[in-house]
Each structure stands twice: as C-alpha cells, then as structure tokens.
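K.L.:
Could you have a look at this structure, given as structure tokens, before my questions?
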Amino acid sequence: MLKETFTGQGKVMLLAGGGKIYTDIAARFVRSERSLEEIAASPYSRNIVQNILESGHKAALEFDFFLFGVEGFSRVTETQLVRKRLASYLIKSGRAELNGKRAFSVVYPQRIAQFGAEVTLPDAHTCTLTGHDLANLIRQWYDAGLASGLPEEELRYIKPQATEFKAIIGMNAHALLDWFSIRCCRNAQAEIRDLAWKMLRLCRKAAPDLFVGAGPNCVQLGYCPENRLQHPRCRGHILTREEALTLLRAQSKEHFADLLAENGEA
C-alpha cells in the first residue's frame, strides 16, 4: 500500500541539546588565568554568550551540540540537507533487506499529487495520470520485484525523489546558526525551509540565549546578501548588501566632509 504525505507535514524532534550551556565555559578558557576547576565551576554567564554572538567569534559555540530526529521529509530535502558538511547524519537505510516490510512512503507537494497529465504507454495507448497515480504504479512495480526475489538495494534505483527519509541529525550551535542563515531564507526550497524553521523554533525554546538572533541572513546581518537574487517578497522591505553599502559610503563621505570643514580644509 502506498503511504502518501505532503510537504509541510514533516516532524522534527529535539532529542538532545539545550539546558546547560557550554559556550560561556569554552570562552573562559581562552582568556581566563584561573584554574580548570575554577572555570568549570563558574556560574553561567549570559553576558559572555551575548558577547560571543555579537563579536562574530563563534568558535566557542561549537561546544554546544544539538541532536534532532526527523521524519516525513522527502529525498529531495535529504540531498540538500547533506550539503552541509559541519554536521553528523544517520539516515534510515534504503538497502537493508526487510522482506517487503518496508513502507513505500512518498512525500510531495499536494498539487503535484493531484496534477494530471496525458501520457503515452508503450502500446501507444494514452491515458491521464496524476502524481499520485505515478507513485502508486512505482509502488506496484516495486512490490512485484520483491515478490520475484529481486534485492531491495537494486529495486530502490527506481524509487522517486519523493521517497520519505528518516534521520538523526547532529549539529553544534555554530553550524546551526550558519545553516539557519541559508535555509530559513525565502529563497530556500519550501520543504527544507520548513525543516529549518521547525528546528529553529525548537532551538530557541531549548537555548534562547544561543539562538536569540538566529534566522535567515537578513535577520543575522541586518541586510540581504543575495543582492539581485533577493526574493521578490523581500524587495523594498529589506536592504540588499549593495544598497546597505551605498548608504554607508554616502554617510562616510558626509562625515569626512564635516571633518574637513572643522579643520578648515573644506
């Protein structure tokens, strides 16, 4: 039987992370002359964490680690997800022999499932198939392959990118801030953006001091670095990097002119 869900319905669970914060302890080791025992016994300092975030020296954030469980997302999103190198992944196997017990699960946009198009079959017969119909045909073919004794590690070559994946994801706070800056952006594909925002909401709840300024680049930087590729919904509302630099240069010129005037050099 085909198990069908739609993008936006994926689940994310925070398995570990938050609670005790280690960023402030890690930062103390860089400059403190106190003993290891004294540093480790120091009370938590929100100010140190804020200073780390504001300074941009985020190496200390790598000592706070977060572990997520995800399900209900497609292989399309898995492919984009693993492009992030500073992370650990364990993804449910697609080749282990489960003797036909593996659910044939697909995740795709609802309008794709409902969209119908006329196709021509090998006998020249034409018919109209929806995305749901195509997924169900592949499922039937897959089940027939299992019944014939073909190994799942070979049958899976015909599975669609809509196939669901389940995974454990581990990232430290530094990597998460970087990942959120890209994947929470409106330019990110809808499904991975949905995943990123669900992860961010969990992080903000578990460790608000670490993620108080987290979000897409425009939130973290105060401008959009996408420039001409800025999302249409953001144009006119958020300055691009080029626009922000133009304003800063104009202000700098005015300030320099004022300095010259004060010193009689105008």
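We name chains A, B, ... following the order of the structure tokens; residues begin at 1 in each chain, and ligands are numbered from 1 as shown.
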Residues near stretch 36-42 of chain A, anyone? I mean within 12 Å using only C-alpha atoms, not counting same-chain ones fewer than 4 positions away, as a list in words.
P.N.:
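My reading of the contact set: Ile21, Tyr22, Thr23, Asp24, Ile25, Ala26, Ala27, Arg28, Phe29, Val30, Arg31, Ser32 and Ile48 of chain A.
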K.L.:
Please write the residues from the selection above to a file, keeping N, CA, C and O atoms, as an mmCIF file, in the first residue's frame.
P.N.:
data_model
loop_
_atom_site.group_PDB
_atom_site.id
_atom_site.type_symbol
_atom_site.label_atom_id
_atom_site.label_comp_id
_atom_site.auth_asym_id
_atom_site.auth_seq_id
_atom_site.Cartn_x
_atom_site.Cartn_y
_atom_site.Cartn_z
ATOM 1 N N ILE A 21 24.370 25.284 29.166
ATOM 2 C CA ILE A 21 25.086 25.866 28.034
ATOM 3 C C ILE A 21 26.592 25.825 28.321
ATOM 4 O O ILE A 21 27.035 26.196 29.414
ATOM 5 N N TYR A 22 27.375 25.395 27.314
ATOM 6 C CA TYR A 22 28.812 25.261 27.491
ATOM 7 C C TYR A 22 29.606 26.343 26.760
ATOM 8 O O TYR A 22 30.818 26.439 26.929
ATOM 9 N N THR A 23 28.933 27.153 25.940
ATOM 10 C CA THR A 23 29.631 28.195 25.187
ATOM 11 C C THR A 23 30.391 29.143 26.110
ATOM 12 O O THR A 23 31.532 29.520 25.836
ATOM 13 N N ASP A 24 29.748 29.561 27.216
ATOM 14 C CA ASP A 24 30.417 30.511 28.113
ATOM 15 C C ASP A 24 31.627 29.894 28.799
ATOM 16 O O ASP A 24 32.655 30.545 28.990
ATOM 17 N N ILE A 25 31.529 28.601 29.140
ATOM 18 C CA ILE A 25 32.671 27.917 29.757
ATOM 19 C C ILE A 25 33.817 27.813 28.753
ATOM 20 O O ILE A 25 34.977 28.082 29.079
ATOM 21 N N ALA A 26 33.485 27.432 27.504
ATOM 22 C CA ALA A 26 34.526 27.315 26.477
ATOM 23 C C ALA A 26 35.214 28.652 26.251
ATOM 24 O O ALA A 26 36.448 28.717 26.108
ATOM 25 N N ALA A 27 34.431 29.741 26.244
ATOM 26 C CA ALA A 27 35.010 31.065 26.014
ATOM 27 C C ALA A 27 35.961 31.467 27.140
ATOM 28 O O ALA A 27 36.972 32.145 26.901
ATOM 29 N N ARG A 28 35.663 31.081 28.364
ATOM 30 C CA ARG A 28 36.509 31.442 29.504
ATOM 31 C C ARG A 28 37.912 30.849 29.377
ATOM 32 O O ARG A 28 38.891 31.432 29.838
ATOM 33 N N PHE A 29 38.006 29.676 28.776
ATOM 34 C CA PHE A 29 39.308 29.012 28.657
ATOM 35 C C PHE A 29 40.281 29.807 27.796
ATOM 36 O O PHE A 29 41.489 29.652 27.912
ATOM 37 N N VAL A 30 39.771 30.684 26.938
ATOM 38 C CA VAL A 30 40.626 31.429 26.025
ATOM 39 C C VAL A 30 41.406 32.523 26.749
ATOM 40 O O VAL A 30 42.581 32.760 26.456
ATOM 41 N N ARG A 31 40.766 33.191 27.723
ATOM 42 C CA ARG A 31 41.391 34.365 28.322
ATOM 43 C C ARG A 31 41.564 34.306 29.840
ATOM 44 O O ARG A 31 42.280 35.113 30.406
ATOM 45 N N SER A 32 40.901 33.381 30.486
ATOM 46 C CA SER A 32 40.975 33.351 31.951
ATOM 47 C C SER A 32 42.290 32.757 32.445
ATOM 48 O O SER A 32 42.832 31.820 31.838
ATOM 49 N N ILE A 48 28.522 36.646 28.591
ATOM 50 C CA ILE A 48 29.596 36.069 27.781
ATOM 51 C C ILE A 48 29.017 35.519 26.473
ATOM 52 O O ILE A 48 29.583 35.723 25.390
#
K.L.:
Need the shell around A:Lys11: protein/DNA/RNA residues with any atom at most 9 Å away, counting only C-alpha atoms. Skip same-chain ones fewer than 4 positions apart. Format as a PyMOL selection string?
P.N.:
chain A and resi 69-73+195+198
K.L.:
For each of A:Leu245, A:Leu53, A:Val119, A:Cys127, take the minimum atom-to-atom distance to A:Gln220, counting only C-alpha atoms, then give the residue where this is smallest.
P.N.:
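Among A:Leu245, A:Leu53, A:Val119, A:Cys127, it is A:Leu53 that comes nearest to A:Gln220.
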K.L.:
At a cut-off of 12 Å, using only C-alpha atoms, what residues contact A:Ser93? Leave out same-chain residues fewer than 6 positions from it and give the result as number ranges by chain.
P.N.:
A: 102, 152-153, 156, 164-167
K.L.:
What's the separation between atom CA of A:Arg75 and atom CA of A:Leu200, in Å to one decimal place?
P.N.:
20.9 Å
K.L.:
So how far away is atom CA of A:Leu247 from atom CA of A:Cys224, in Å?
P.N.:
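Interatomic distance here is 14.1 Å.
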K.L.:
Please extract the residues of stretch 2-101 of chain A with a backbone DSSP assignment of alpha helix (DSSP H) and present them as a count of residues only.
P.N.:
31
K.L.:
Name all residues at most 10 Å from A:Ile112 (count only C-alpha atoms; drop same-chain ones fewer than 6 positions away) and give them as number ranges by chain.
P.N.:
A: 6, 130-132
K.L.:
Could you give me the residues within stretch 52-134 of chain A that DSSP places in strand (DSSP E or B), as a list of chain:residue names?
P.N.:
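Across stretch 52-134 of chain A, those assigned strand (DSSP E or B) are A:Phe65, A:Phe66, A:Leu67, A:Phe68, A:Gly69, A:Val70, A:Glu71, A:Gly72, A:Phe73, A:Ser74, A:Ser88, A:Tyr89, A:Leu90, A:Ile91, A:Phe104, A:Ser105, A:Val106, A:Val107, A:Tyr108, A:Gly116, A:Ala117, A:Glu118, A:Val119, A:Thr120, A:Thr126, A:Cys127, A:Thr128, A:Leu129, A:Thr130.
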K.L.:
I need the residues from that last selection saved to file as a JSON list (two decimals), in the first residue's frame (with N, CA, C and O atoms), if you can.
P.N.:
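File written: result-v3.json
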[["chain", "number", "residue", "atom", "x", "y", "z"],
["A", 65, "PHE", "N", 26.04, 21.21, 21.47],
["A", 65, "PHE", "CA", 25.63, 20.29, 20.40],
["A", 65, "PHE", "C", 24.15, 19.97, 20.53],
["A", 65, "PHE", "O", 23.62, 19.81, 21.63],
["A", 66, "PHE", "N", 23.49, 19.86, 19.37],
["A", 66, "PHE", "CA", 22.05, 19.59, 19.33],
["A", 66, "PHE", "C", 21.78, 18.39, 18.42],
["A", 66, "PHE", "O", 22.37, 18.26, 17.35],
["A", 67, "LEU", "N", 20.88, 17.54, 18.88],
["A", 67, "LEU", "CA", 20.56, 16.30, 18.17],
["A", 67, "LEU", "C", 19.07, 16.28, 17.85],
["A", 67, "LEU", "O", 18.24, 16.47, 18.74],
["A", 68, "PHE", "N", 18.75, 16.06, 16.56],
["A", 68, "PHE", "CA", 17.36, 16.08, 16.10],
["A", 68, "PHE", "C", 16.99, 14.74, 15.47],
["A", 68, "PHE", "O", 17.81, 14.10, 14.82],
["A", 69, "GLY", "N", 15.73, 14.37, 15.64],
["A", 69, "GLY", "CA", 15.16, 13.27, 14.88],
["A", 69, "GLY", "C", 14.16, 13.85, 13.89],
["A", 69, "GLY", "O", 13.36, 14.72, 14.26],
["A", 70, "VAL", "N", 14.22, 13.44, 12.62],
["A", 70, "VAL", "CA", 13.31, 13.96, 11.61],
["A", 70, "VAL", "C", 12.66, 12.82, 10.84],
["A", 70, "VAL", "O", 13.29, 11.78, 10.60],
["A", 71, "GLU", "N", 11.42, 13.03, 10.45],
["A", 71, "GLU", "CA", 10.72, 12.08, 9.59],
["A", 71, "GLU", "C", 9.65, 12.83, 8.81],
["A", 71, "GLU", "O", 9.24, 13.94, 9.19],
["A", 72, "GLY", "N", 9.22, 12.22, 7.72],
["A", 72, "GLY", "CA", 8.18, 12.84, 6.93],
["A", 72, "GLY", "C", 8.69, 13.87, 5.94],
["A", 72, "GLY", "O", 7.93, 14.73, 5.48],
["A", 73, "PHE", "N", 10.00, 13.79, 5.59],
["A", 73, "PHE", "CA", 10.58, 14.67, 4.59],
["A", 73, "PHE", "C", 11.06, 13.82, 3.41],
["A", 73, "PHE", "O", 11.33, 12.63, 3.55],
["A", 74, "SER", "N", 11.16, 14.44, 2.23],
["A", 74, "SER", "CA", 11.48, 13.69, 1.02],
["A", 74, "SER", "C", 12.99, 13.60, 0.78],
["A", 74, "SER", "O", 13.78, 14.35, 1.38],
["A", 88, "SER", "N", 26.48, 15.86, 11.54],
["A", 88, "SER", "CA", 26.53, 14.39, 11.55],
["A", 88, "SER", "C", 25.14, 13.87, 11.19],
["A", 88, "SER", "O", 24.13, 14.40, 11.65],
["A", 89, "TYR", "N", 25.11, 12.83, 10.35],
["A", 89, "TYR", "CA", 23.84, 12.27, 9.90],
["A", 89, "TYR", "C", 23.85, 10.75, 10.01],
["A", 89, "TYR", "O", 24.84, 10.10, 9.68],
["A", 90, "LEU", "N", 22.75, 10.20, 10.48],
["A", 90, "LEU", "CA", 22.47, 8.77, 10.34],
["A", 90, "LEU", "C", 21.10, 8.68, 9.67],
["A", 90, "LEU", "O", 20.10, 9.13, 10.26],
["A", 91, "ILE", "N", 21.07, 8.14, 8.47],
["A", 91, "ILE", "CA", 19.84, 8.12, 7.68],
["A", 91, "ILE", "C", 19.36, 6.68, 7.53],
["A", 91, "ILE", "O", 20.16, 5.77, 7.28],
["A", 104, "PHE", "N", 6.30, 1.79, 1.53],
["A", 104, "PHE", "CA", 6.60, 2.57, 0.34],
["A", 104, "PHE", "C", 6.00, 3.95, 0.58],
["A", 104, "PHE", "O", 4.84, 4.22, 0.26],
["A", 105, "SER", "N", 6.80, 4.83, 1.19],
["A", 105, "SER", "CA", 6.31, 6.12, 1.64],
["A", 105, "SER", "C", 6.81, 7.23, 0.72],
["A", 105, "SER", "O", 8.00, 7.28, 0.40],
["A", 106, "VAL", "N", 5.92, 8.12, 0.33],
["A", 106, "VAL", "CA", 6.30, 9.26, -0.50],
["A", 106, "VAL", "C", 5.83, 10.56, 0.15],
["A", 106, "VAL", "O", 4.82, 10.59, 0.85],
["A", 107, "VAL", "N", 6.61, 11.61, -0.09],
["A", 107, "VAL", "CA", 6.28, 12.95, 0.42],
["A", 107, "VAL", "C", 6.43, 13.91, -0.75],
["A", 107, "VAL", "O", 7.51, 14.00, -1.34],
["A", 108, "TYR", "N", 5.36, 14.62, -1.10],
["A", 108, "TYR", "CA", 5.46, 15.58, -2.19],
["A", 108, "TYR", "C", 4.40, 16.66, -2.02],
["A", 108, "TYR", "O", 3.47, 16.51, -1.21],
["A", 116, "GLY", "N", -2.75, 16.09, -13.07],
["A", 116, "GLY", "CA", -2.87, 15.02, -14.05],
["A", 116, "GLY", "C", -2.36, 15.45, -15.41],
["A", 116, "GLY", "O", -2.55, 16.60, -15.83],
["A", 117, "ALA", "N", -1.68, 14.54, -16.09],
["A", 117, "ALA", "CA", -1.15, 14.83, -17.42],
["A", 117, "ALA", "C", -1.35, 13.61, -18.32],
["A", 117, "ALA", "O", -1.29, 12.46, -17.86],
["A", 118, "GLU", "N", -1.56, 13.87, -19.61],
["A", 118, "GLU", "CA", -1.75, 12.76, -20.56],
["A", 118, "GLU", "C", -0.40, 12.17, -20.92],
["A", 118, "GLU", "O", 0.55, 12.89, -21.23],
["A", 119, "VAL", "N", -0.29, 10.85, -20.83],
["A", 119, "VAL", "CA", 0.96, 10.15, -21.16],
["A", 119, "VAL", "C", 0.65, 9.05, -22.16],
["A", 119, "VAL", "O", -0.48, 8.57, -22.27],
["A", 120, "THR", "N", 1.68, 8.64, -22.91],
["A", 120, "THR", "CA", 1.54, 7.59, -23.91],
["A", 120, "THR", "C", 2.27, 6.35, -23.43],
["A", 120, "THR", "O", 3.45, 6.39, -23.10],
["A", 126, "THR", "N", -3.03, 6.06, -24.78],
["A", 126, "THR", "CA", -2.84, 7.25, -23.96],
["A", 126, "THR", "C", -3.80, 7.24, -22.78],
["A", 126, "THR", "O", -4.93, 6.72, -22.87],
["A", 127, "CYS", "N", -3.34, 7.81, -21.69],
["A", 127, "CYS", "CA", -4.19, 7.93, -20.51],
["A", 127, "CYS", "C", -3.71, 9.11, -19.68],
["A", 127, "CYS", "O", -2.60, 9.63, -19.89],
["A", 128, "THR", "N", -4.51, 9.53, -18.75],
["A", 128, "THR", "CA", -4.16, 10.65, -17.88],
["A", 128, "THR", "C", -3.76, 10.10, -16.50],
["A", 128, "THR", "O", -4.52, 9.34, -15.90],
["A", 129, "LEU", "N", -2.57, 10.49, -16.06],
["A", 129, "LEU", "CA", -2.06, 10.03, -14.76],
["A", 129, "LEU", "C", -1.73, 11.23, -13.88],
["A", 129, "LEU", "O", -1.17, 12.22, -14.34],
["A", 130, "THR", "N", -2.07, 11.11, -12.61],
["A", 130, "THR", "CA", -1.68, 12.13, -11.63],
["A", 130, "THR", "C", -0.36, 11.73, -10.98],
["A", 130, "THR", "O", 0.13, 10.60, -11.17]]
K.L.:
Excluding A:Arg139 and its own-chain neighbours fewer than 2 positions away, which residues fall within 9 Å of it when counting only C-alpha atoms? Please give them as a ChimeraX atom specification.
P.N.:
/A:1-2,104,134-137,141-144,159
K.L.:
Please provide as a list in words all residues within 12 Å of A:His237, with the sequence filter that same-chain residues fewer than 3 positions apart are discarded (counting only C-alpha atoms).
P.N.:
Cys218, Gly222, Tyr223, Cys224, Gln230, His231, Pro232, Arg233, Cys234, Thr240 and Glu243 of chain A
